[in-house]
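This is query_39.txt (compact mmCIF, C-alpha atoms and all ligand atoms).
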```txt
# COMPACT_ATOMS: atom_id res chain seq x y z
CA MET B 779 45.80 221.07 268.81
CA ILE B 780 46.66 217.96 266.81
CA GLY B 781 50.22 217.40 268.00
CA TYR B 782 53.24 216.22 266.03
CA ARG B 783 54.42 212.69 266.72
CA LYS B 784 57.38 211.24 264.87
CA VAL B 785 56.11 208.45 262.63
CA THR B 786 57.78 205.38 261.19
CA GLY B 787 55.36 204.33 258.46
CA ASP B 788 54.48 201.21 260.45
CA LEU B 789 50.82 202.26 260.96
CA ASP B 790 51.11 200.83 264.46
CA LEU B 791 48.04 200.75 266.73
CA THR B 792 49.54 198.82 269.65
CA GLY B 793 47.74 199.72 272.87
CA LYS B 794 44.90 201.58 271.15
CA VAL B 795 41.23 200.75 271.57
CA ALA B 796 39.44 200.85 268.21
CA VAL B 797 35.65 200.69 267.80
CA VAL B 798 34.28 199.62 264.41
CA VAL B 799 30.60 200.43 263.96
CA GLY B 800 29.14 198.41 261.11
CA GLY B 801 31.93 195.94 261.92
CA ALA B 802 30.05 192.64 261.58
CA GLY B 803 30.71 192.28 257.86
CA GLY B 804 32.02 193.85 254.67
CA ILE B 805 34.41 196.79 254.91
CA GLY B 806 33.87 197.04 258.67
CA GLU B 807 35.04 193.50 259.38
CA ALA B 808 38.05 193.95 257.08
CA THR B 809 38.92 197.16 258.95
CA ALA B 810 38.55 195.46 262.32
CA ARG B 811 40.89 192.68 261.18
CA MET B 812 43.47 195.20 259.99
CA TYR B 813 43.27 197.15 263.27
CA ALA B 814 43.76 193.89 265.18
CA HIS B 815 46.69 192.97 262.96
CA LYS B 816 48.26 196.32 263.88
CA GLY B 817 47.91 195.62 267.60
CA ALA B 818 44.69 197.41 268.57
CA LYS B 819 42.07 196.06 270.93
CA VAL B 820 39.01 195.94 268.69
CA VAL B 821 35.31 196.37 269.30
CA ILE B 822 32.79 195.04 266.77
CA ALA B 823 29.53 197.02 267.02
CA ASP B 824 26.70 196.39 264.56
CA CYS B 825 22.92 196.01 264.47
CA LYS B 826 23.43 192.33 263.53
CA ASP B 827 23.33 189.63 266.23
CA ASN B 828 26.69 188.06 265.31
CA CYS B 829 29.03 190.72 266.76
CA PRO B 830 30.44 188.44 269.51
CA GLU B 831 31.17 185.67 266.96
CA VAL B 832 32.95 188.09 264.58
CA ALA B 833 34.94 189.50 267.49
CA GLU B 834 35.93 186.02 268.70
CA ALA B 835 37.07 184.98 265.21
CA ILE B 836 39.29 188.08 264.92
CA ALA B 837 40.76 187.47 268.38
CA ALA B 838 41.54 183.87 267.42
CA ASP B 839 43.20 184.90 264.15
CA CYS B 840 45.12 187.97 265.37
CA GLY B 841 45.79 187.22 269.05
CA THR B 842 44.47 190.55 270.28
CA GLU B 843 41.64 191.33 272.69
CA THR B 844 38.27 191.94 271.03
CA PHE B 845 34.72 192.60 272.15
CA GLY B 846 31.48 192.29 270.19
CA ILE B 847 28.33 194.21 271.07
CA LYS B 848 25.05 194.76 269.26
CA CYS B 849 24.40 198.45 268.51
CA ASP B 850 21.81 200.18 266.35
CA VAL B 851 23.00 203.66 265.37
CA THR B 852 19.42 204.86 264.91
CA SER B 853 18.89 204.52 268.68
CA GLN B 854 20.51 206.93 271.14
CA ALA B 855 20.03 204.44 274.00
CA SER B 856 21.74 201.71 271.99
CA VAL B 857 24.73 203.91 271.10
CA ASP B 858 25.09 205.19 274.68
CA ALA B 859 24.95 201.61 276.01
CA MET B 860 27.61 200.48 273.51
CA VAL B 861 29.97 203.32 274.43
CA ALA B 862 29.47 202.66 278.17
CA ALA B 863 30.14 198.94 277.65
CA VAL B 864 33.35 199.64 275.72
CA LYS B 865 34.58 201.98 278.43
CA GLU B 866 33.82 199.37 281.07
CA ARG B 867 35.58 196.63 279.09
CA PHE B 868 38.65 198.49 277.78
CA GLY B 869 38.74 201.74 279.82
CA GLU B 870 39.01 204.14 276.89
CA ILE B 871 38.41 204.68 273.17
CA ASN B 872 41.17 205.97 270.86
CA VAL B 873 39.90 205.17 267.36
CA LEU B 874 36.41 205.11 265.86
CA ALA B 875 35.63 203.71 262.42
CA ALA B 876 31.99 204.61 261.77
CA MET B 877 30.65 202.77 258.73
CA PRO B 878 27.12 201.45 259.16
CA GLY B 879 25.38 201.69 255.82
CA PHE B 880 21.98 201.43 254.15
CA VAL B 881 21.19 201.63 250.43
CA ASP B 882 17.94 201.21 248.50
CA LEU B 883 17.81 202.29 244.87
CA TYR B 884 14.95 204.23 243.25
CA ARG B 885 14.70 207.00 240.72
CA ALA B 886 14.21 210.43 242.29
CA THR B 887 10.66 210.62 240.92
CA ASP B 888 9.67 207.37 242.65
CA ILE B 889 11.46 207.05 245.97
CA GLU B 890 9.21 207.23 249.04
CA ILE B 891 10.11 210.01 251.46
CA ASP B 892 10.27 207.41 254.28
CA ASN B 893 12.99 205.66 252.32
CA VAL B 894 15.00 208.89 251.94
CA GLU B 895 14.63 209.46 255.67
CA LYS B 896 15.88 205.94 256.44
CA HIS B 897 19.07 206.60 254.43
CA ILE B 898 19.63 209.81 256.37
CA ALA B 899 18.76 208.17 259.72
CA VAL B 900 21.42 205.46 259.30
CA ASN B 901 24.12 206.95 257.05
CA ALA B 902 24.14 210.54 258.32
CA VAL B 903 22.37 211.05 261.67
CA GLY B 904 23.27 207.55 262.90
CA VAL B 905 26.94 208.04 262.09
CA PHE B 906 26.89 211.48 263.72
CA ARG B 907 25.26 209.99 266.84
CA VAL B 908 28.20 207.58 267.23
CA CYS B 909 30.81 210.23 266.40
CA GLN B 910 29.35 212.64 268.96
CA ALA B 911 29.19 210.01 271.71
CA VAL B 912 32.75 208.79 271.07
CA ALA B 913 34.20 212.30 270.60
CA ASN B 914 32.86 213.28 274.03
CA VAL B 915 34.68 210.27 275.50
CA MET B 916 37.89 211.20 273.64
CA ILE B 917 37.64 214.83 274.82
CA ALA B 918 37.18 213.71 278.43
CA GLN B 919 40.22 211.40 278.10
CA GLY B 920 42.34 214.34 276.89
CA LYS B 921 44.51 212.24 274.57
CA GLY B 922 43.03 213.12 271.18
CA GLY B 923 41.77 210.42 268.86
CA LYS B 924 40.94 209.36 265.33
CA ILE B 925 37.50 209.20 263.74
CA VAL B 926 37.07 207.78 260.24
CA CYS B 927 33.71 207.53 258.46
CA VAL B 928 33.09 205.62 255.25
CA THR B 929 31.41 207.91 252.75
CA SER B 930 31.11 207.11 249.01
CA GLN B 931 32.10 208.03 245.47
CA ALA B 932 28.52 209.33 245.40
CA ASP B 933 29.89 212.38 247.27
CA PHE B 934 31.63 213.44 244.05
CA ILE B 935 29.53 212.22 241.15
CA ALA B 936 25.84 211.68 240.32
CA ILE B 937 24.78 208.04 240.08
CA ASN B 938 21.41 206.83 238.79
CA LYS B 939 18.86 205.79 241.46
CA HIS B 940 21.17 206.87 244.30
CA VAL B 941 19.26 209.97 245.42
CA GLY B 942 18.50 208.82 248.99
CA TYR B 943 21.98 207.38 249.45
CA THR B 944 23.70 210.42 247.95
CA MET B 945 21.71 212.84 250.11
CA SER B 946 22.80 210.92 253.20
CA LYS B 947 26.47 210.65 252.21
CA ALA B 948 26.64 214.34 251.20
CA ALA B 949 25.33 215.20 254.66
CA LEU B 950 28.03 212.97 256.13
CA VAL B 951 30.76 214.87 254.26
CA GLY B 952 29.43 218.11 255.74
CA MET B 953 29.43 216.55 259.19
CA ILE B 954 33.03 215.37 258.79
CA LYS B 955 34.21 218.88 257.90
CA VAL B 956 32.44 220.63 260.80
CA CYS B 957 33.49 218.00 263.35
CA ALA B 958 37.08 218.12 262.07
CA LEU B 959 37.06 221.90 262.50
CA GLU B 960 35.54 221.85 265.99
CA TRP B 961 37.42 218.87 267.43
CA ALA B 962 40.94 219.66 266.19
CA GLU B 963 41.51 221.64 269.40
CA TYR B 964 41.05 218.37 271.29
CA GLY B 965 43.56 216.54 269.08
CA ILE B 966 40.85 214.59 267.26
CA ASN B 967 41.15 214.00 263.50
CA VAL B 968 37.90 213.39 261.60
CA ASN B 969 38.07 212.08 258.04
CA GLY B 970 36.15 210.14 255.44
CA VAL B 971 37.05 207.39 252.99
CA ALA B 972 35.00 207.45 249.79
CA PRO B 973 35.03 204.08 247.99
CA THR B 974 33.85 203.11 244.57
CA VAL B 975 31.77 199.93 244.44
CA VAL B 976 33.19 197.36 246.85
CA ASN B 977 32.59 193.61 246.66
CA THR B 978 30.35 193.30 249.73
CA TYR B 979 26.70 192.55 250.44
CA MET B 980 25.91 196.22 249.78
CA GLY B 981 27.96 196.29 246.57
CA GLU B 982 26.19 193.18 245.27
CA LYS B 983 22.78 194.64 246.19
CA ALA B 984 23.33 197.88 244.29
CA TRP B 985 25.26 196.62 241.24
CA GLN B 986 24.04 193.61 239.27
CA GLY B 987 23.80 192.58 235.61
CA LYS B 988 24.27 195.27 232.95
CA VAL B 989 24.68 198.16 235.44
CA LYS B 990 27.56 196.19 236.95
CA THR B 991 29.37 195.53 233.66
CA ASP B 992 28.76 199.12 232.49
CA MET B 993 30.15 200.47 235.75
CA ILE B 994 33.26 198.29 235.62
CA GLU B 995 33.83 199.55 232.08
CA LYS B 996 33.75 203.18 233.34
CA ILE B 997 36.23 202.61 236.19
CA PRO B 998 39.78 203.11 234.84
CA ALA B 999 41.02 200.24 237.06
CA HIS B 1000 38.35 198.05 235.36
CA ARG B 1001 37.21 196.35 238.53
CA PHE B 1002 35.40 196.92 241.81
CA ALA B 1003 37.36 197.36 245.04
CA GLU B 1004 37.98 194.66 247.64
CA THR B 1005 37.27 195.26 251.33
CA ASP B 1006 40.93 195.19 252.38
CA GLU B 1007 41.74 198.00 249.93
CA ILE B 1008 39.23 200.26 251.68
CA ALA B 1009 40.30 199.06 255.13
CA ALA B 1010 43.91 200.04 254.32
CA ALA B 1011 42.85 203.64 253.67
CA VAL B 1012 40.80 203.66 256.88
CA LEU B 1013 43.83 202.29 258.75
CA PHE B 1014 46.08 205.07 257.42
CA LEU B 1015 43.59 207.70 258.61
CA SER B 1016 43.45 205.97 262.03
CA CYS B 1017 47.19 206.22 262.74
CA ASP B 1018 49.71 208.93 263.62
CA GLU B 1019 51.00 208.78 260.02
CA SER B 1020 47.96 210.88 259.02
CA ASN B 1021 48.04 213.42 261.89
CA MET B 1022 48.16 216.40 259.47
CA ILE B 1023 45.07 215.20 257.56
CA THR B 1024 41.68 216.22 258.92
CA GLY B 1025 38.32 217.06 257.34
CA GLU B 1026 39.36 215.11 254.22
CA ASP B 1027 37.24 212.68 252.16
CA LEU B 1028 39.78 210.31 250.60
CA VAL B 1029 38.60 208.77 247.33
CA VAL B 1030 39.47 205.09 246.78
CA ASP B 1031 37.83 204.52 243.41
CA GLY B 1032 40.24 203.07 240.85
CA GLY B 1033 40.02 206.42 239.05
CA PHE B 1034 36.22 206.55 238.59
CA THR B 1035 35.91 210.22 239.61
CA ILE B 1036 38.83 211.39 237.41
CA TYR B 1037 36.32 212.39 234.75
N1 LIG B 1101 29.94 198.23 249.07
C1 LIG B 1101 30.01 199.34 248.36
O1 LIG B 1101 29.96 199.29 247.12
C2 LIG B 1101 30.19 200.67 249.04
C3 LIG B 1101 30.60 201.75 248.25
C4 LIG B 1101 30.76 202.99 248.85
C5 LIG B 1101 30.54 203.14 250.20
N2 LIG B 1101 30.14 202.07 250.95
C6 LIG B 1101 29.91 202.29 252.37
O2 LIG B 1101 30.75 201.43 253.11
C7 LIG B 1101 30.16 201.18 254.39
C8 LIG B 1101 30.21 199.69 254.67
O3 LIG B 1101 29.37 199.03 253.73
P1 LIG B 1101 29.68 197.56 253.17
O4 LIG B 1101 29.85 197.67 251.74
O5 LIG B 1101 30.73 196.92 254.01
O6 LIG B 1101 28.25 196.89 253.39
P2 LIG B 1101 27.73 195.79 254.40
O7 LIG B 1101 26.27 195.73 254.16
O8 LIG B 1101 28.54 194.55 254.29
O9 LIG B 1101 28.05 196.42 255.82
C9 LIG B 1101 27.28 197.45 256.40
C10 LIG B 1101 27.13 197.12 257.87
O10 LIG B 1101 26.38 198.17 258.49
C11 LIG B 1101 25.53 197.55 259.42
N3 LIG B 1101 24.39 198.43 259.73
C12 LIG B 1101 23.37 198.78 258.90
N4 LIG B 1101 22.50 199.54 259.59
C13 LIG B 1101 22.99 199.67 260.84
C14 LIG B 1101 22.52 200.33 262.02
N5 LIG B 1101 21.35 200.99 262.03
N6 LIG B 1101 23.26 200.27 263.15
C15 LIG B 1101 24.43 199.58 263.16
N7 LIG B 1101 24.91 198.92 262.08
C16 LIG B 1101 24.20 198.97 260.95
C17 LIG B 1101 25.07 196.27 258.72
O11 LIG B 1101 24.52 195.33 259.62
C18 LIG B 1101 26.35 195.80 258.07
O12 LIG B 1101 27.10 194.92 258.90
C19 LIG B 1101 28.74 201.76 254.32
O13 LIG B 1101 28.73 203.01 254.99
C20 LIG B 1101 28.52 201.95 252.84
O14 LIG B 1101 27.60 202.99 252.59
C21 LIG B 1101 29.98 200.84 250.39
```
Taking this structure as input, can you express it in the form of structure tokens?
Amino acid sequence: MIGYRKVTGDLDLTGKVAVVVGGAGGIGEATARMYAHKGAKVVIADCKDNCPEVAEAIAADCGTETFGIKCDVTSQASVDAMVAAVKERFGEINVLAAMPGFVDLYRATDIEIDNVEKHIAVNAVGVFRVCQAVANVMIAQGKGGKIVCVTSQADFIAINKHVGYTMSKAALVGMIKVCALEWAEYGINVNGVAPTVVNTYMGEKAWQGKVKTDMIEKIPAHRFAETDEIAAAVLFLSCDESNMITGEDLVVDGGFTIY
């Protein structure tokens, strides 16, 4: 059961341990900063080498405890080691933001099957690997928990040259629904946040030149999103304020998928 807890609208995470996978940059780092601002102890996990530095910078800015650890979601051993290290450092895990991401754009006639498989290995299976490992910790703790994955507007609408990415994110939406269904009895909410283009390394890689200006023209808000705007939605889905929301994929797209 996902129990009722009176909420204030403060989106408070004081005393919670929050793990951000894909946290060394972009939306992940913005989310980690917001969690820290709301009082959580924050773990930065990412396949990049700079996790400890990102964690230290957030601790210095927000005055909360943080921990940075390298983790590749395509490796079971790496994920298991990260989860064990977090438990050793902070004792428990209450919130997981799972948002590692890979994108490489080709038309469906041209993309190599290896490339499709890499999208699925990182964005779908890799995210599931982390969710499964952390959910088992949350179930053993017996206190429920919050899991938020970052999906994409590509869940809702076809986008040129996004076939590998879209296949992986569509699989992630399916995963979110099944995990939300199965883990509700343990008090665990599982949700997605589906952004439009966000001004990050990935956003710059996928949207340049004319495709960028054309895309901005199609978005009713007439701009791309900033990382803190996505982090705010992830934060909401990580707090008691959203206890009655599970299995959802919340679009944050400036109106792009209205059409
Ligand atoms: N930027 C956009 O336009 C956009 C739009 C919709 C959805 N998203 C999604 O948002 C999420 C965050 O992306 P971002 O825009 O912040 O991009 P980003 O490239 O800044 O961040 C992605 C992070 O994932 C990490 N990562 C990649 N592979 C990994 C692996 N195997 N194991 C662990 N970490 C790994 C990277 O090192 C990086 O820090 C992704 O899931 C992405 O698909 C992004």
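Between ligand LIG 1101 (chain B) and the candidates B:Ser946, B:Gln854, B:Gln986, B:Ser930, the tightest atom-to-atom separation, counting only C-alpha atoms and all ligand atoms, involves B:Ser930.
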What residues have any atom no more than 6 Å from ligand LIG 1101 (chain B) when counting all atoms listed in the file, and can you list them as an MDAnalysis selection string?
chainID B and resid 800:806 824:826 849:852 877:880 900 928:930 973:981
Test item: residues at most 10 Å from Tyr1037 of chain B, only C-alpha atoms, excluding those fewer than 2 positions along its chain, as an NGL selection string:
:B and (935 or 996-998 or 1033-1035)
Taking only C-alpha atoms into account, which of B:Tyr943, B:Trp961, B:Tyr884, B:Phe845 comes nearest Asn914 of chain B?
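Of B:Tyr943, B:Trp961, B:Tyr884, B:Phe845, the one nearest Asn914 of chain B is B:Trp961, counting only C-alpha atoms.
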Using only C-alpha atoms, the residue out of B:Thr944, B:Thr887, B:Asn872, B:Gln931 with shortest distance to Ala913 of chain B is B:Asn872
Of the residues B:Glu866, B:Asp858, B:Glu807, B:Asp1006, which is the one nearest to Ile836 of chain B, using all atoms listed in the file?
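Closest to Ile836 of chain B of all the choices is B:Glu807.
Coordinates place atom CA of Val799 of chain B at a distance of 10.1 Å from atom CA of Cys909 of chain B.
Between Leu874 of chain B and the residues B:Ala999, B:Ala796, B:Ala962, B:Ala932, the shortest atom-to-atom distance, using all atoms listed in the file, involves B:Ala796.
Considering the residues B:Met779, B:Val821, B:Val894, B:Cys927 and counting only C-alpha atoms, Asn969 of chain B has its shortest atom-to-atom contact with B:Cys927.
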Can you list, as an mmCIF file with C-alpha atoms, in the frame of the given file, every protein, DNA or RNA residue that comes within 9 Å of Cys840 of chain B when you count all atoms listed in the file, leaving out same-chain residues fewer than 3 positions away?
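The result, written out as part-v4.cif:
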```
data_model
loop_
_atom_site.group_PDB
_atom_site.id
_atom_site.type_symbol
_atom_site.label_atom_id
_atom_site.label_comp_id
_atom_site.auth_asym_id
_atom_site.auth_seq_id
_atom_site.Cartn_x
_atom_site.Cartn_y
_atom_site.Cartn_z
ATOM 1 C CA ARG B 811 40.890 192.680 261.180
ATOM 2 C CA ALA B 814 43.760 193.890 265.180
ATOM 3 C CA HIS B 815 46.690 192.970 262.960
ATOM 4 C CA GLY B 817 47.910 195.620 267.600
ATOM 5 C CA ALA B 835 37.070 184.980 265.210
ATOM 6 C CA ILE B 836 39.290 188.080 264.920
ATOM 7 C CA ALA B 837 40.760 187.470 268.380
ATOM 8 C CA GLU B 843 41.640 191.330 272.690
#
```
Which polymer residues have any atom within 10 Å of an atom of Ile889 of chain B, counting only C-alpha atoms, with same-chain residues fewer than 4 positions away left out, as number ranges by chain?
B: 882-885, 893-894, 939-942
Could you check how far atom CA of Gly923 of chain B sits from atom CA of Val1030 of chain B, in Å to one decimal?
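Rounded to one decimal, the two atoms are 22.8 Å apart.
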Using all atoms listed in the file, give me every residue within 8 Å of (38.8, 218.4, 257.7) in file coordinates, as a list in words.
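With a cut-off of 8 Å, the residues come to Ile954, Lys955, Val956, Cys957, Ala958, Leu959, Asn967, Val968, Asn969, Ile1023, Thr1024, Gly1025 and Glu1026 of chain B.
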Return as a Markdown table the residues of segment 973-1018 of chain B lying at most 12 Å from segment 783-793 of chain B, together with the closest atom-to-atom pair for each and the distance in Å to one decimal, counting all atoms listed in the file, with rows in chain order and ascending residue number.
```
| residue | atom | partner | partner_atom | distance |
| --- | --- | --- | --- | --- |
| B:Ala1010 | CA | B:Leu789 | CA | 9.8 |
| B:Ala1011 | CA | B:Leu789 | CA | 10.9 |
| B:Val1012 | CA | B:Leu789 | CA | 10.9 |
| B:Leu1013 | CA | B:Leu789 | CA | 7.3 |
| B:Phe1014 | CA | B:Leu789 | CA | 6.5 |
| B:Leu1015 | CA | B:Leu789 | CA | 9.3 |
| B:Ser1016 | CA | B:Leu789 | CA | 8.3 |
| B:Cys1017 | CA | B:Leu789 | CA | 5.7 |
| B:Asp1018 | CA | B:Val785 | CA | 6.5 |
```
Point-to-point distance from atom CA of Cys829 of chain B to atom CA of Glu1004 of chain B, Å rounded to tenths:
21.5 Å
Draw an axis-aligned box tight on the listed atoms of segment 1005-1019 of chain B, then pad every side by 8 Å and write out centre and edge lengths in Å to one decimal as lines of an AutoDock Vina configuration file.
```
center_x = 44.1
center_y = 202.1
center_z = 256.8
size_x = 29.7
size_y = 29.7
size_z = 29.7
```
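Every protein, DNA or RNA residue with an atom at most 10 Å from Gly920 of chain B, where all atoms listed in the file count and chain neighbours fewer than 6 positions away do not, is listed here: Asn914, Tyr964, Gly965 and Ile966 of chain B.
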Could you write segment 851-864 of chain B as a short mmCIF file (atom, residue, chain, number, x, y, z; two decimals), in the frame of the given file, with N, CA and C atoms rebuilt where they are missing?
```cif
data_model
loop_
_atom_site.label_atom_id
_atom_site.label_comp_id
_atom_site.auth_asym_id
_atom_site.auth_seq_id
_atom_site.Cartn_x
_atom_site.Cartn_y
_atom_site.Cartn_z
N VAL B 851 22.66 202.23 265.36
CA VAL B 851 23.00 203.66 265.37
C VAL B 851 21.79 204.58 265.25
N THR B 852 20.62 204.01 264.95
CA THR B 852 19.42 204.86 264.91
C THR B 852 18.82 205.05 266.30
N SER B 853 19.40 204.41 267.31
CA SER B 853 18.89 204.52 268.68
C SER B 853 19.93 205.15 269.59
N GLN B 854 19.58 206.28 270.21
CA GLN B 854 20.51 206.93 271.14
C GLN B 854 20.83 206.01 272.32
N ALA B 855 19.80 205.33 272.84
CA ALA B 855 20.03 204.44 274.00
C ALA B 855 21.01 203.32 273.64
N SER B 856 20.87 202.79 272.43
CA SER B 856 21.74 201.71 271.99
C SER B 856 23.19 202.19 271.85
N VAL B 857 23.37 203.36 271.27
CA VAL B 857 24.73 203.91 271.10
C VAL B 857 25.35 204.23 272.47
N ASP B 858 24.56 204.85 273.35
CA ASP B 858 25.09 205.19 274.68
C ASP B 858 25.48 203.92 275.44
N ALA B 859 24.65 202.87 275.31
CA ALA B 859 24.95 201.61 276.01
C ALA B 859 26.22 200.98 275.44
N MET B 860 26.40 201.05 274.13
CA MET B 860 27.61 200.48 273.51
C MET B 860 28.86 201.21 274.00
N VAL B 861 28.80 202.53 274.00
CA VAL B 861 29.97 203.32 274.43
C VAL B 861 30.29 203.03 275.90
N ALA B 862 29.25 202.95 276.74
CA ALA B 862 29.47 202.66 278.17
C ALA B 862 30.08 201.27 278.33
N ALA B 863 29.61 200.31 277.54
CA ALA B 863 30.14 198.94 277.65
C ALA B 863 31.59 198.87 277.21
N VAL B 864 31.95 199.63 276.18
CA VAL B 864 33.35 199.64 275.72
C VAL B 864 34.25 200.25 276.79
#
```
